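Beneath this line is the structure, given in structure tokens, with notes to follow.
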There are 2 protein chains.
Amino acid sequence: MNIRSFLSRLPLFNGLPEEDLKALAGIVLDRSHAAGESIFTEGDRAAGLNIVFSGRVKIFKLASNGKEQILHIMGPGEPFAEVPVFQGGHYPASAEAIEASRVLFIPRDGLTDMIRRNPALALDMLAVLSRRLREFASTIENLSLRGVPERLSAYLLHLSDLAGGSAEFELDIKKGLIANLLGTTGESLSRVLGKMSQAGMIRVGGKKITILDRAALADVAAARQALD
Amino acid sequence: MNIRSFLSRLPLFNGLPEEDLKALAGIVLDRSHAAGESIFTEGDRAAGLNIVFSGRVKIFKLASNGKEQILHIMGPGEPFAEVPVFQGGHYPASAEAIEASRVLFIPRDGLTDMIRRNPALALDMLAVLSRRLREFASTIENLSLRGVPERLSAYLLHLSDLAGGSAEFELDIKKGLIANLLGTTGESLSRVLGKMSQAGMIRVGGKKITILDRAALADVAAARQALD
DNA sequence: GGAATTCCTTGATCTGGGTCAAAAAAACGG
DNA sequence: CCGTTTTTTTGACCCAGATCAAGGAATTCC
């Protein structure tokens, strides 16, 4: 897949005229990152928009004591680091490749020019940021108002949805990362998974999860039912 | 102050041509809300953008057990509920007037038309959403990676900055609301304020706060120093 | 301006989930 | 494929901060 047709397939750039698409492909930088390699660090001066071409990237905040909170895990086709393009000029969080990845980089000026010329792109971009605000609002709600069992059941149900509603699916990332995404520790995650298995709601075999009692899991997610 | 000139003074609409400004003033609805009155509820269908004309409004998430997490407190001139204008069509959180308020409402279609016609407005709107994403990222960091004393000292330092760096200032809202904004309870807030006073970092007299040792407070905010 | 309501503080207690440590299980590299 | 490293699990313990309860202090509203 070449970059030009990859870009044209992105929802964000759908409806962009041929010439702009061509211009875009012309100014895009293509960068490769090994697993574990840092892409940028919170506070760095930012010069443009990033898009995952292949692989996976985590966006995270790091505390002084080393604990991390993952904000997003981005996969192929997903844009990230839009914020500094439109406001502030420096990254609000850090990014690291969690597997070997190729990341496209669109310099700021090229992108803003294009937005000025294409109102549809502006509205698409506004929709992207709005979706992200929705996700963040939900993350805040999770961290502040819900416990680890609630968050984990909701996450498992979400993964099942992504897998087309199948009761059986694979955890897409290591458990330690899931813990940091849900705002907890590996130890707690492990214990809660254990309790859910014991309660007969799920079966866990390595990365494979089977949902045995979806209704019970939904009850835990909605805090209608405790775990022990 | 009439609505037309109020709108023209907002950073968001700066640079909008006269005719658009006039059109805007023509389609705006002006709604009054008593203190404690709900403006909208999470999940409601949303039909446009809101802007605080006078008074103050809290945007919040409510848990099933009644606990609330405040996402923002908006004052005069601040737009809110942009998200459903651009994505999803329903409110991601609830809003309530915390004092008698007038709220302007701009119907969705009028606004998106105007954005289509004015690239500068599109970029301003993108900047507004980006700033909000930055704030949310910081809230997530606070909730997940920092303790209540850290969050509170940072908040007090922030209020002092807003007051022009003065060591003496008034809490802008009731302490219970501050607690819900910081993701804690009134009781904990009260105790932490007590410890800070005892440590000689601040003096508290009702709503009046005096910062006695800014450096120490900054150390607590940055988790370089514990409280007891 | 006094009664009623709401807000804040303080004390006692409880608990979810974090930390530390070590074993078990997987994944990886040569 | 075997040894090494990384990840996950399990156990024991601890602690920040929530909850419950009850006074005290402010506001609010006739």
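Ligands are numbered from 1 in the order shown, chains are lettered A, B, ... in the order of the structure tokens, and residues start at 1 in each chain.
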
Using only C-alpha atoms (C1' of nucleotides), select each residue of chain D with any atom at most 12 Å away from an atom of chain B, and give the selection as JSON, numbers by chain.
{"D": [16, 17, 18, 19, 20, 25, 26, 27]}

Could you please tell me, as a PyMOL selection string, which residues of chain C have an atom within 10 Å of chain A when using only C-alpha atoms (C1' of nucleotides)?
chain C and resi 16-19+25-26

Return as number ranges by chain the residues belonging to chain A that are within 7 Å of chain B, counting only C-alpha atoms.
A: 61, 63, 69, 83, 86-87, 92, 116, 119, 122, 126-127, 129-131, 133-134, 136, 140-141, 143-145, 183

Residues within 12 Å of D:DC1, only C-alpha atoms (C1' of nucleotides), excluding chain neighbours under 2 positions, as a list in words:
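Result of the neighbour search: DC28, DG29 and DG30 of chain C; DG3 of chain D.
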
Same residues, N, CA and C atoms (P, O5', C5', C4', C3', O3' and C1' of nucleotides), saved as a short mmCIF file (atom, residue, chain, number, x, y, z; two decimals), in the first residue's frame:
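result_28.cif written:
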```cif
data_model
loop_
_atom_site.label_atom_id
_atom_site.label_comp_id
_atom_site.auth_asym_id
_atom_site.auth_seq_id
_atom_site.Cartn_x
_atom_site.Cartn_y
_atom_site.Cartn_z
P DC C 28 7.64 -12.54 22.21
"O5'" DC C 28 9.20 -12.70 22.44
"C5'" DC C 28 9.81 -11.96 23.50
"C4'" DC C 28 11.28 -12.31 23.55
"C3'" DC C 28 11.96 -12.36 22.17
"O3'" DC C 28 13.11 -11.54 22.23
"C1'" DC C 28 12.44 -14.33 23.41
P DG C 29 13.79 -11.07 20.86
"O5'" DG C 29 15.31 -11.39 21.14
"C5'" DG C 29 15.82 -11.54 22.47
"C4'" DG C 29 17.09 -12.36 22.45
"C3'" DG C 29 17.86 -12.34 21.14
"O3'" DG C 29 19.24 -12.37 21.43
"C1'" DG C 29 17.20 -14.56 21.61
P DG C 30 20.32 -12.10 20.35
"O5'" DG C 30 21.24 -13.41 20.37
"C5'" DG C 30 21.85 -13.82 21.61
"C4'" DG C 30 22.21 -15.29 21.51
"C3'" DG C 30 23.10 -15.64 20.30
"O3'" DG C 30 24.12 -16.56 20.72
"C1'" DG C 30 21.16 -16.98 20.28
P DG D 3 19.76 -25.27 29.71
"O5'" DG D 3 20.09 -23.73 30.03
"C5'" DG D 3 21.17 -23.09 29.34
"C4'" DG D 3 20.85 -21.62 29.17
"C3'" DG D 3 20.64 -20.88 30.50
"O3'" DG D 3 21.31 -19.65 30.37
"C1'" DG D 3 18.78 -20.53 29.09
#
```

With only C-alpha atoms (C1' of nucleotides) as the counted atoms, please give the residues lying no more than 10 Å from B:Pro149, apart from itself and same-chain residues fewer than 2 positions off, as a list in words.
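With the cut-off at 10 Å, the set is Arg146, Gly147, Arg151, Leu152, Ser153, Ala154, Tyr155, Ser188, Leu189, Arg191, Val192, Leu193, Lys195, Met196, Leu217, Val220, Ala221, Ala222, Ala223, Ala226 and Leu227 of chain B.
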
Assign secondary structure with DSSP using the backbone only, and return the residues of stretch 18-225 of chain B in helix (DSSP H, G or I) as a ChimeraX atom specification.
/B:18-27,83-86,108-117,119-145,148-162,175-182,186-198,214-221

Keeping only C-alpha atoms, write those residues as a tab-separated table (two decimals), in the first residue's frame.
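This is the output file result18.tsv:
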```
chain	number	residue	atom	x	y	z
B	18	GLU	CA	-20.03	42.10	10.13
B	19	GLU	CA	-22.74	40.31	8.21
B	20	ASP	CA	-22.02	36.94	9.83
B	21	LEU	CA	-21.97	38.53	13.24
B	22	LYS	CA	-25.32	40.07	12.50
B	23	ALA	CA	-26.70	36.77	11.26
B	24	LEU	CA	-25.37	35.10	14.39
B	25	ALA	CA	-27.02	37.62	16.69
B	26	GLY	CA	-30.20	36.99	14.78
B	27	ILE	CA	-30.33	33.26	15.38
B	83	VAL	CA	-18.81	18.31	21.24
B	84	PRO	CA	-22.34	17.31	20.20
B	85	VAL	CA	-22.37	20.04	17.55
B	86	PHE	CA	-19.61	18.26	15.67
B	108	ARG	CA	-26.12	23.85	15.19
B	109	ASP	CA	-26.81	24.50	11.52
B	110	GLY	CA	-26.25	28.21	11.76
B	111	LEU	CA	-22.90	27.58	13.37
B	112	THR	CA	-21.67	24.90	10.97
B	113	ASP	CA	-22.68	27.06	7.98
B	114	MET	CA	-20.67	29.89	9.40
B	115	ILE	CA	-17.67	27.61	9.94
B	116	ARG	CA	-17.92	26.44	6.34
B	117	ARG	CA	-17.81	30.05	5.18
B	119	PRO	CA	-11.89	29.20	7.70
B	120	ALA	CA	-10.60	31.42	10.48
B	121	LEU	CA	-13.58	30.50	12.62
B	122	ALA	CA	-12.90	26.83	11.89
B	123	LEU	CA	-9.34	27.18	13.13
B	124	ASP	CA	-10.48	29.12	16.22
B	125	MET	CA	-12.98	26.41	16.99
B	126	LEU	CA	-10.27	23.76	16.55
B	127	ALA	CA	-8.15	25.73	18.98
B	128	VAL	CA	-10.99	25.81	21.52
B	129	LEU	CA	-11.44	22.05	21.36
B	130	SER	CA	-7.70	21.53	21.52
B	131	ARG	CA	-7.41	23.61	24.66
B	132	ARG	CA	-10.17	21.56	26.19
B	133	LEU	CA	-8.38	18.32	25.29
B	134	ARG	CA	-5.28	19.64	27.01
B	135	GLU	CA	-7.31	20.39	30.13
B	136	PHE	CA	-8.89	16.95	30.10
B	137	ALA	CA	-5.51	15.27	29.66
B	138	SER	CA	-4.32	17.17	32.68
B	139	THR	CA	-7.42	16.19	34.68
B	140	ILE	CA	-6.81	12.54	33.82
B	141	GLU	CA	-3.22	12.91	34.96
B	142	ASN	CA	-4.38	14.50	38.21
B	143	LEU	CA	-6.92	11.81	38.98
B	144	SER	CA	-4.71	8.91	38.08
B	145	LEU	CA	-1.23	9.96	39.06
B	148	VAL	CA	-5.39	15.18	46.74
B	149	PRO	CA	-2.73	17.44	48.34
B	150	GLU	CA	-0.94	17.77	44.97
B	151	ARG	CA	-4.14	18.66	43.16
B	152	LEU	CA	-5.26	21.13	45.77
B	153	SER	CA	-1.95	23.00	45.95
B	154	ALA	CA	-1.87	23.23	42.17
B	155	TYR	CA	-5.42	24.57	42.22
B	156	LEU	CA	-4.61	27.20	44.83
B	157	LEU	CA	-1.53	28.31	42.92
B	158	HIS	CA	-3.68	28.52	39.81
B	159	LEU	CA	-6.23	30.73	41.57
B	160	SER	CA	-3.44	32.93	42.81
B	161	ASP	CA	-2.20	33.30	39.23
B	162	LEU	CA	-5.69	34.25	38.08
B	175	LYS	CA	-15.65	24.31	48.89
B	176	GLY	CA	-17.94	21.40	48.14
B	177	LEU	CA	-17.77	22.26	44.45
B	178	ILE	CA	-14.01	22.59	44.56
B	179	ALA	CA	-13.88	19.10	46.04
B	180	ASN	CA	-15.99	17.69	43.21
B	181	LEU	CA	-13.88	19.54	40.69
B	182	LEU	CA	-10.69	18.05	42.13
B	186	GLY	CA	-15.67	17.92	50.99
B	187	GLU	CA	-14.33	16.13	54.04
B	188	SER	CA	-10.97	15.36	52.47
B	189	LEU	CA	-10.65	18.87	51.09
B	190	SER	CA	-11.30	20.29	54.52
B	191	ARG	CA	-8.68	18.06	56.11
B	192	VAL	CA	-6.02	18.88	53.54
B	193	LEU	CA	-6.66	22.61	53.86
B	194	GLY	CA	-6.28	22.10	57.59
B	195	LYS	CA	-2.92	20.39	57.20
B	196	MET	CA	-1.66	23.07	54.85
B	197	SER	CA	-2.62	25.75	57.36
B	198	GLN	CA	-0.97	23.82	60.15
B	214	ARG	CA	4.49	29.72	47.85
B	215	ALA	CA	7.62	27.60	47.41
B	216	ALA	CA	6.42	24.98	49.87
B	217	LEU	CA	3.03	24.87	48.16
B	218	ALA	CA	4.73	24.43	44.79
B	219	ASP	CA	6.78	21.58	46.26
B	220	VAL	CA	3.61	19.83	47.38
B	221	ALA	CA	2.02	20.41	43.96
```

Spatial neighbours of B:Ile3, max dist 10 Å, only C-alpha atoms (C1' of nucleotides), sep filter under 3 positions, as a ChimeraX atom specification:
/B:6-9,24-26,28-30,53,104

Store the residues picked out above in a file with N, CA and C atoms, as an mmCIF file, in the first residue's frame.
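As written to disk, out22.cif reads:
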```
data_model
loop_
_atom_site.group_PDB
_atom_site.id
_atom_site.type_symbol
_atom_site.label_atom_id
_atom_site.label_comp_id
_atom_site.auth_asym_id
_atom_site.auth_seq_id
_atom_site.Cartn_x
_atom_site.Cartn_y
_atom_site.Cartn_z
ATOM 1 N N PHE B 6 -21.658 41.640 22.626
ATOM 2 C CA PHE B 6 -21.073 40.578 23.462
ATOM 3 C C PHE B 6 -20.410 39.524 22.569
ATOM 4 N N LEU B 7 -21.132 39.088 21.566
ATOM 5 C CA LEU B 7 -20.597 38.063 20.658
ATOM 6 C C LEU B 7 -19.355 38.562 19.930
ATOM 7 N N SER B 8 -19.401 39.817 19.514
ATOM 8 C CA SER B 8 -18.277 40.337 18.731
ATOM 9 C C SER B 8 -17.004 40.417 19.567
ATOM 10 N N ARG B 9 -17.178 40.486 20.875
ATOM 11 C CA ARG B 9 -16.001 40.592 21.739
ATOM 12 C C ARG B 9 -15.380 39.228 22.075
ATOM 13 N N LEU B 24 -25.520 35.851 13.154
ATOM 14 C CA LEU B 24 -25.372 35.101 14.391
ATOM 15 C C LEU B 24 -26.292 35.676 15.468
ATOM 16 N N ALA B 25 -26.196 36.977 15.673
ATOM 17 C CA ALA B 25 -27.021 37.622 16.692
ATOM 18 C C ALA B 25 -28.497 37.377 16.413
ATOM 19 N N GLY B 26 -28.808 37.222 15.132
ATOM 20 C CA GLY B 26 -30.200 36.994 14.779
ATOM 21 C C GLY B 26 -30.722 35.609 15.152
ATOM 22 N N VAL B 28 -29.382 33.598 17.581
ATOM 23 C CA VAL B 28 -29.069 33.204 18.957
ATOM 24 C C VAL B 28 -30.306 33.213 19.853
ATOM 25 N N LEU B 29 -30.404 32.195 20.699
ATOM 26 C CA LEU B 29 -31.463 32.217 21.716
ATOM 27 C C LEU B 29 -30.852 32.608 23.048
ATOM 28 N N ASP B 30 -31.607 33.329 23.841
ATOM 29 C CA ASP B 30 -31.125 33.833 25.114
ATOM 30 C C ASP B 30 -31.971 33.203 26.221
ATOM 31 N N PHE B 53 -23.474 33.855 29.084
ATOM 32 C CA PHE B 53 -23.539 35.313 28.952
ATOM 33 C C PHE B 53 -23.270 35.946 30.316
ATOM 34 N N LEU B 104 -26.495 31.828 26.189
ATOM 35 C CA LEU B 104 -26.857 31.986 24.781
ATOM 36 C C LEU B 104 -26.755 30.640 24.091
#
```

I want to know what sits within 8 Å of A:Asp213, based on only C-alpha atoms (C1' of nucleotides), with residues of the same chain fewer than 4 positions away left out; could you give that as a count of residues only?
4

Could you pull the residues within 6 Å of B:Val52, counting only C-alpha atoms (C1' of nucleotides), minus those fewer than 3 positions along the same chain, as a PyMOL selection string?
chain B and resi 76-78+103

Atom CA of B:Met74 to atom CA of B:Ala46, straight-line distance in Å:
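One can read the atom CA of B:Ala46 to atom CA of B:Met74 distance as 18.2 Å.
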